[in-house]
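> Take a look at this one; I'll ask things after.
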Amino acid sequence: MNKHWLSVVGIGDDGLIGLSPIARSLVDQAEIIFGGKRHLAMLPATDARQQLVWQSPFRESIDQIISHRGQQVCVLASGDPMCYGVGSGLHQALLAQDLMPLVEMTILPAPSAFSLACSRLGWNYSEIETVSLCGRDLNLVQPLLYPGAKILALSADQHTPMQLAQILQEGGFNAVQMTILEHLGGSQERMVSEQINYWVKASPEQISGQAIADLHTIALECPGSMPGYSRLPGLPDDAYIHDGQLTKQEIRTVTLASLAPCPGQLLWDVGAGNGSIAIEWLRSHPRNRAIAIEQHPQRLKNIVVNATKLGVPNLQVIGGQAPAALINLSPPDAIFIGGGLTIPGVFEACWNALKPGGKLVANGVTVETEQLILQLQQQYGGKLARIAIQRAEPVGKFLGWKALNPVTQWLTEKNSQQGFHNYWQVLG
């Protein structure tokens, strides 16, 4: 078998003519070609080789590609296959089957849509924010909005600009400049640039004299002064819809600092209330993951609304009470117990699920929870802190200090000697 049986070739809007000689040779040598309908339409009409269109869900096409292992297979992909493209998905799929992608797969990228857009707009690639909105929630753009931000987004279809403009307008971002860049690198390349209010009222069928193409990239340029929230922890309390069951801003800031999120890590927010800790964990980095566990029906709804509004719609929300609701969840890198610590089995389930080196933070406001925290700290070590906050509030014509409920916080880290167990075994 030819070790290099799979090639992934990035192709631009200019089609085969824009390929390098090496890329063209890989296409020509292939026995089977995979691609989207647009990609396959770039091949000569007389091409009699087997041509397979991407399936939905995408996983089915990956399985189909691997089933042809041993034949010469070429996958055509838009631009750079490793930039929100099929290349990384194929790489992971080969690894999952104990194959060797670095040996078996050849990847030849073309300029990405982001590179081409930067060249047209005069933007420095190293200074922009990027996101894909293909098959994803448009609210993912929200955390990227800040004064002076330049954002490039891969668009899903011709309706995306208007839908995104509606979200931005509702958030008060009317001064943002939105540019649509169509068919970058092709003969039909076009740019249309207007402020958000224009796009809200526009029709995708008729923009500047013609319909918006499905193939386009969206550029957002934020003014130097505009509303928005910092990505740092400690959003204002009124950023959330809540019923009072909310970790307050100052306590939240200290709590996130104790949890110390790193890119790509998974958090369990146990007794999540209205979701503020999990949401700000996710906002700290786009690769972070979080699971919010909450049993109260209305709070579950509030978590979903808050996560969407604050730009982290990928927050996984689990309805139910710990410890039973924790069974079969992915092992976390960090755990926050904001409620339910005194329920039998909750700490044990969390501790046994926590990865070695992971952090556990528990906050307590009741005497009973504080007593339990003190006992656990004696057994498992870690640091204790008492957090007392006072806020200035009106007292008649003057200001007076109003104290929030003091919070006892316990931070501990699980070392490798303490083991790592399947927590559902502990429960059962």
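To be explicit about the labels: the chains of the structure tokens are called A, B, and onward in the order shown, and within each one the residues are counted from 1, while ligands get numbers from 1 in the order they are shown.
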Find the residues near A:Arg287: any atom within 10 Å, counting only C-alpha atoms, skip ones fewer than 6 places away on the same chain, and give them as a ChimeraX atom specification.
/A:262-266
> With a distance cut-off of 9 Å and only C-alpha atoms, select the neighbouring residues of A:Gly224, excluding the residue or stretch itself and same-chain residues fewer than 4 positions from it, and output the selection as a list in words.
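Answer for this query is Tyr146, Pro147, Gly148 and Ala149 of chain A.
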> Among stretch 95-223 of chain A, which residues does DSSP mark as helix (DSSP H, G or I) when it is run on the backbone? Keep the chain and numbering as in the structure and answer as JSON, numbers by chain.
{"A": [95, 96, 101, 102, 103, 104, 113, 114, 115, 116, 117, 118, 119, 120, 121, 125, 126, 127, 138, 139, 140, 141, 142, 143, 144, 160, 161, 162, 163, 164, 165, 166, 167, 168, 169, 170, 196, 197, 198, 199, 200, 201]}
> As a PyMOL selection string, list the residues of stretch 206-388 of chain A assigned to strand (DSSP E) by DSSP on the backbone atoms of this structure.
chain A and resi 216-221+266-270+289-294+316-319+334-337+359-364+383-387
> Take the selection from the previous step and output its residues with C-alpha atoms, as a tab-separated table (two decimals), in the first residue's frame.

```
chain	number	residue	atom	x	y	z
A	216	HIS	CA	-18.15	35.13	1.45
A	217	THR	CA	-16.22	36.28	4.49
A	218	ILE	CA	-17.50	38.87	6.96
A	219	ALA	CA	-15.23	41.60	8.33
A	220	LEU	CA	-16.23	43.62	11.39
A	221	GLU	CA	-14.38	46.78	12.37
A	266	LEU	CA	-12.84	21.77	31.20
A	267	LEU	CA	-14.70	23.17	34.23
A	268	TRP	CA	-17.57	21.65	36.17
A	269	ASP	CA	-19.75	24.35	37.72
A	270	VAL	CA	-21.68	22.34	40.31
A	289	ARG	CA	-15.04	24.12	27.90
A	290	ALA	CA	-17.53	24.09	30.76
A	291	ILE	CA	-20.45	22.08	32.10
A	292	ALA	CA	-23.03	23.80	34.31
A	293	ILE	CA	-25.00	21.46	36.62
A	294	GLU	CA	-28.16	22.91	38.15
A	316	GLN	CA	-23.10	22.45	28.24
A	317	VAL	CA	-26.04	22.63	30.66
A	318	ILE	CA	-27.05	19.59	32.72
A	319	GLY	CA	-30.35	19.58	34.60
A	334	ALA	CA	-11.24	22.22	37.52
A	335	ILE	CA	-14.39	22.15	39.64
A	336	PHE	CA	-16.32	24.94	41.29
A	337	ILE	CA	-18.88	23.95	43.91
A	359	LYS	CA	-8.16	22.55	41.14
A	360	LEU	CA	-11.29	22.44	43.26
A	361	VAL	CA	-12.81	25.63	44.64
A	362	ALA	CA	-15.78	25.64	47.00
A	363	ASN	CA	-17.57	28.73	48.28
A	364	GLY	CA	-19.69	28.68	51.42
A	383	LYS	CA	-5.97	27.31	51.21
A	384	LEU	CA	-8.79	29.02	53.07
A	385	ALA	CA	-9.90	32.61	52.61
A	386	ARG	CA	-12.70	34.71	54.08
A	387	ILE	CA	-13.99	37.23	51.57
```
> Can you work out which one of A:Leu404, A:Leu6, A:Val304, A:Leu326 has the shortest atom-to-atom distance to A:Val103, counting only C-alpha atoms?
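Of all the options, A:Leu6 lies closest to A:Val103.
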> Just checking: using only C-alpha atoms, which residue out of A:Met162, A:Ile22, A:Ile241, A:Val254 ends up closest to A:Ile207?
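For A:Ile207, the nearest of the given residues is A:Met162.
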> Do a neighbour search on A:Ser61 at 10 Å with only C-alpha atoms, toss out local chain neighbours closer than 4 positions, and write the hits as a list in words.
Phe34, Gly35, Leu52, Val53, Trp54, Gln55, Ser56, Pro57, Ile65, Ile66, Ser67 and Leu90 of chain A
> Could you dump the residues just selected with N, CA and C atoms as an mmCIF file, in the first residue's frame?

```
data_model
loop_
_atom_site.group_PDB
_atom_site.id
_atom_site.type_symbol
_atom_site.label_atom_id
_atom_site.label_comp_id
_atom_site.auth_asym_id
_atom_site.auth_seq_id
_atom_site.Cartn_x
_atom_site.Cartn_y
_atom_site.Cartn_z
ATOM 1 N N PHE A 34 -12.962 13.654 -3.202
ATOM 2 C CA PHE A 34 -14.013 14.141 -2.318
ATOM 3 C C PHE A 34 -14.023 15.677 -2.353
ATOM 4 N N GLY A 35 -15.195 16.259 -2.138
ATOM 5 C CA GLY A 35 -15.278 17.713 -2.053
ATOM 6 C C GLY A 35 -16.716 18.168 -1.979
ATOM 7 N N LEU A 52 -17.084 12.104 -4.944
ATOM 8 C CA LEU A 52 -18.006 11.955 -3.823
ATOM 9 C C LEU A 52 -18.190 13.294 -3.112
ATOM 10 N N VAL A 53 -19.445 13.678 -2.923
ATOM 11 C CA VAL A 53 -19.782 14.959 -2.292
ATOM 12 C C VAL A 53 -19.830 14.786 -0.776
ATOM 13 N N TRP A 54 -19.395 15.836 -0.054
ATOM 14 C CA TRP A 54 -19.457 15.802 1.409
ATOM 15 C C TRP A 54 -20.867 15.471 1.885
ATOM 16 N N GLN A 55 -20.943 14.608 2.916
ATOM 17 C CA GLN A 55 -22.219 14.213 3.487
ATOM 18 C C GLN A 55 -22.493 15.004 4.768
ATOM 19 N N SER A 56 -23.743 14.980 5.180
ATOM 20 C CA SER A 56 -24.119 15.577 6.462
ATOM 21 C C SER A 56 -24.779 14.487 7.307
ATOM 22 N N PRO A 57 -24.289 14.211 8.513
ATOM 23 C CA PRO A 57 -23.205 14.909 9.197
ATOM 24 C C PRO A 57 -21.839 14.615 8.586
ATOM 25 N N ILE A 65 -14.091 8.305 3.662
ATOM 26 C CA ILE A 65 -12.727 8.515 3.169
ATOM 27 C C ILE A 65 -11.795 7.426 3.690
ATOM 28 N N ILE A 66 -11.864 7.165 4.997
ATOM 29 C CA ILE A 66 -10.975 6.171 5.601
ATOM 30 C C ILE A 66 -11.260 4.778 5.048
ATOM 31 N N SER A 67 -12.510 4.521 4.660
ATOM 32 C CA SER A 67 -12.840 3.206 4.104
ATOM 33 C C SER A 67 -12.126 2.949 2.777
ATOM 34 N N LEU A 90 -9.820 15.295 9.674
ATOM 35 C CA LEU A 90 -9.256 14.065 9.130
ATOM 36 C C LEU A 90 -8.045 13.600 9.955
#
```
> Set the distance at 8 Å and use only C-alpha atoms: which residues neighbour stretch 340-345 of chain A once local chain neighbours fewer than 4 positions away are removed? I'd like the list as a list in words.
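The filter keeps Val270, Gly271, Ala322, Pro323, Ala349, Ala362, Glu368, Thr369, Leu372 and Leu427 of chain A.
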> I'd like to know which of A:Arg59, A:Arg283, A:Lys3, A:Arg252 is closest to A:Leu99, using only C-alpha atoms.
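Ranking A:Arg59, A:Arg283, A:Lys3, A:Arg252 by distance to A:Leu99, first place goes to A:Lys3.
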> Between atom CA of A:Gly338 and atom CA of A:Asn352, what is the spacing in Å?
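Atom-to-atom, atom CA of A:Asn352 to atom CA of A:Gly338, that is 17.8 Å.
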> So that I can check the surroundings of A:Leu152, please list as a PyMOL selection string every protein, DNA and RNA residue that reaches within 12 Å of it, counting only C-alpha atoms and ignoring chain neighbours fewer than 4 positions away.
chain A and resi 112-118+121+123-133+141+144-145+177-181+216-222
> If you keep N, CA and C atoms, can you produce a file of those selected residues as an mmCIF file, in the first residue's frame?

```
data_model
loop_
_atom_site.group_PDB
_atom_site.id
_atom_site.type_symbol
_atom_site.label_atom_id
_atom_site.label_comp_id
_atom_site.auth_asym_id
_atom_site.auth_seq_id
_atom_site.Cartn_x
_atom_site.Cartn_y
_atom_site.Cartn_z
ATOM 1 N N SER A 112 -5.775 31.148 2.901
ATOM 2 C CA SER A 112 -7.078 31.080 3.581
ATOM 3 C C SER A 112 -7.902 32.315 3.257
ATOM 4 N N ALA A 113 -9.207 32.208 3.511
ATOM 5 C CA ALA A 113 -10.089 33.364 3.326
ATOM 6 C C ALA A 113 -9.640 34.522 4.209
ATOM 7 N N PHE A 114 -9.104 34.196 5.405
ATOM 8 C CA PHE A 114 -8.646 35.248 6.309
ATOM 9 C C PHE A 114 -7.425 35.971 5.734
ATOM 10 N N SER A 115 -6.494 35.214 5.169
ATOM 11 C CA SER A 115 -5.311 35.838 4.570
ATOM 12 C C SER A 115 -5.707 36.750 3.415
ATOM 13 N N LEU A 116 -6.596 36.253 2.578
ATOM 14 C CA LEU A 116 -7.036 37.049 1.426
ATOM 15 C C LEU A 116 -7.787 38.299 1.886
ATOM 16 N N ALA A 117 -8.642 38.147 2.902
ATOM 17 C CA ALA A 117 -9.397 39.306 3.397
ATOM 18 C C ALA A 117 -8.458 40.361 3.970
ATOM 19 N N CYS A 118 -7.445 39.925 4.739
ATOM 20 C CA CYS A 118 -6.485 40.886 5.294
ATOM 21 C C CYS A 118 -5.768 41.641 4.178
ATOM 22 N N LEU A 121 -8.172 44.287 2.863
ATOM 23 C CA LEU A 121 -8.551 45.339 3.813
ATOM 24 C C LEU A 121 -7.346 46.096 4.362
ATOM 25 N N TRP A 123 -5.358 44.795 6.660
ATOM 26 C CA TRP A 123 -5.290 44.471 8.082
ATOM 27 C C TRP A 123 -4.088 43.571 8.359
ATOM 28 N N ASN A 124 -3.515 43.731 9.538
ATOM 29 C CA ASN A 124 -2.421 42.884 10.007
ATOM 30 C C ASN A 124 -3.016 41.602 10.581
ATOM 31 N N TYR A 125 -2.692 40.461 9.967
ATOM 32 C CA TYR A 125 -3.281 39.184 10.395
ATOM 33 C C TYR A 125 -3.036 38.912 11.877
ATOM 34 N N SER A 126 -1.872 39.303 12.386
ATOM 35 C CA SER A 126 -1.533 39.015 13.783
ATOM 36 C C SER A 126 -2.348 39.835 14.770
ATOM 37 N N GLU A 127 -3.112 40.812 14.279
ATOM 38 C CA GLU A 127 -3.862 41.698 15.172
ATOM 39 C C GLU A 127 -5.373 41.507 15.067
ATOM 40 N N ILE A 128 -5.815 40.499 14.309
ATOM 41 C CA ILE A 128 -7.255 40.328 14.124
ATOM 42 C C ILE A 128 -7.786 39.179 14.970
ATOM 43 N N GLU A 129 -9.103 39.176 15.163
ATOM 44 C CA GLU A 129 -9.814 38.068 15.794
ATOM 45 C C GLU A 129 -10.482 37.256 14.683
ATOM 46 N N THR A 130 -10.493 35.951 14.817
ATOM 47 C CA THR A 130 -11.099 35.107 13.784
ATOM 48 C C THR A 130 -12.092 34.138 14.408
ATOM 49 N N VAL A 131 -13.121 33.795 13.621
ATOM 50 C CA VAL A 131 -14.135 32.853 14.075
ATOM 51 C C VAL A 131 -14.825 32.264 12.847
ATOM 52 N N SER A 132 -15.295 31.041 12.977
ATOM 53 C CA SER A 132 -16.114 30.431 11.931
ATOM 54 C C SER A 132 -17.563 30.405 12.406
ATOM 55 N N LEU A 133 -18.471 30.875 11.553
ATOM 56 C CA LEU A 133 -19.897 30.857 11.848
ATOM 57 C C LEU A 133 -20.614 29.809 11.005
ATOM 58 N N VAL A 141 -19.562 35.582 18.192
ATOM 59 C CA VAL A 141 -18.867 36.838 17.889
ATOM 60 C C VAL A 141 -18.818 37.756 19.115
ATOM 61 N N LEU A 144 -15.699 38.714 21.103
ATOM 62 C CA LEU A 144 -14.635 39.293 20.280
ATOM 63 C C LEU A 144 -14.812 40.785 20.066
ATOM 64 N N LEU A 145 -15.953 41.326 20.505
ATOM 65 C CA LEU A 145 -16.263 42.732 20.284
ATOM 66 C C LEU A 145 -15.658 43.585 21.399
ATOM 67 N N GLN A 177 -18.638 48.633 11.650
ATOM 68 C CA GLN A 177 -18.628 48.586 10.183
ATOM 69 C C GLN A 177 -18.534 47.135 9.736
ATOM 70 N N MET A 178 -19.497 46.700 8.916
ATOM 71 C CA MET A 178 -19.488 45.335 8.418
ATOM 72 C C MET A 178 -19.177 45.338 6.929
ATOM 73 N N THR A 179 -18.205 44.518 6.544
ATOM 74 C CA THR A 179 -17.830 44.381 5.143
ATOM 75 C C THR A 179 -17.999 42.933 4.715
ATOM 76 N N ILE A 180 -18.636 42.746 3.572
ATOM 77 C CA ILE A 180 -18.768 41.414 2.989
ATOM 78 C C ILE A 180 -17.762 41.298 1.853
ATOM 79 N N LEU A 181 -16.968 40.241 1.905
ATOM 80 C CA LEU A 181 -15.967 39.995 0.858
ATOM 81 C C LEU A 181 -16.329 38.689 0.163
ATOM 82 N N HIS A 216 -18.685 33.808 1.083
ATOM 83 C CA HIS A 216 -18.145 35.126 1.452
ATOM 84 C C HIS A 216 -17.591 35.086 2.872
ATOM 85 N N THR A 217 -16.795 36.082 3.159
ATOM 86 C CA THR A 217 -16.221 36.278 4.492
ATOM 87 C C THR A 217 -16.737 37.606 5.032
ATOM 88 N N ILE A 218 -17.005 37.654 6.329
ATOM 89 C CA ILE A 218 -17.502 38.874 6.962
ATOM 90 C C ILE A 218 -16.377 39.527 7.755
ATOM 91 N N ALA A 219 -16.203 40.834 7.551
ATOM 92 C CA ALA A 219 -15.232 41.604 8.330
ATOM 93 C C ALA A 219 -15.994 42.606 9.193
ATOM 94 N N LEU A 220 -15.634 42.668 10.461
ATOM 95 C CA LEU A 220 -16.228 43.623 11.390
ATOM 96 C C LEU A 220 -15.127 44.528 11.931
ATOM 97 N N GLU A 221 -15.342 45.823 11.825
ATOM 98 C CA GLU A 221 -14.375 46.785 12.368
ATOM 99 C C GLU A 221 -15.076 47.623 13.425
ATOM 100 N N CYS A 222 -14.599 47.493 14.663
ATOM 101 C CA CYS A 222 -15.223 48.182 15.792
ATOM 102 C C CYS A 222 -14.589 49.557 15.987
#
```
> Show which residues sit within 10 Å of A:Lys402, as a ChimeraX atom specification. Count only C-alpha atoms, and ignore same-chain residues fewer than 3 positions away.
/A:389-395,399,405
> To one decimal in Å, tell me the separation between atom CA of A:Leu215 and atom CA of A:Glu60.
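Result for atom CA of A:Leu215 versus atom CA of A:Glu60: 23.4 Å, one decimal.
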> Name all residues at most 9 Å from A:Pro161 (count only C-alpha atoms; drop same-chain ones fewer than 3 positions away) and give them as a PyMOL selection string.
chain A and resi 155+157-158+164-166+178+180+199-200+204+218
> Please, what distance in Å, to one decimal, runs between atom CA of A:Phe58 and atom CA of A:Ser284?
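Interatomic distance, atom CA of A:Phe58 to atom CA of A:Ser284: 29.0 Å.
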> Name the closest residue to A:Gln71 among the candidates A:Leu246, A:Trp5, A:Leu40, A:Ile11; distances are taken between atoms, counting only C-alpha atoms.
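That would be A:Trp5, the residue with the smallest distance to A:Gln71.
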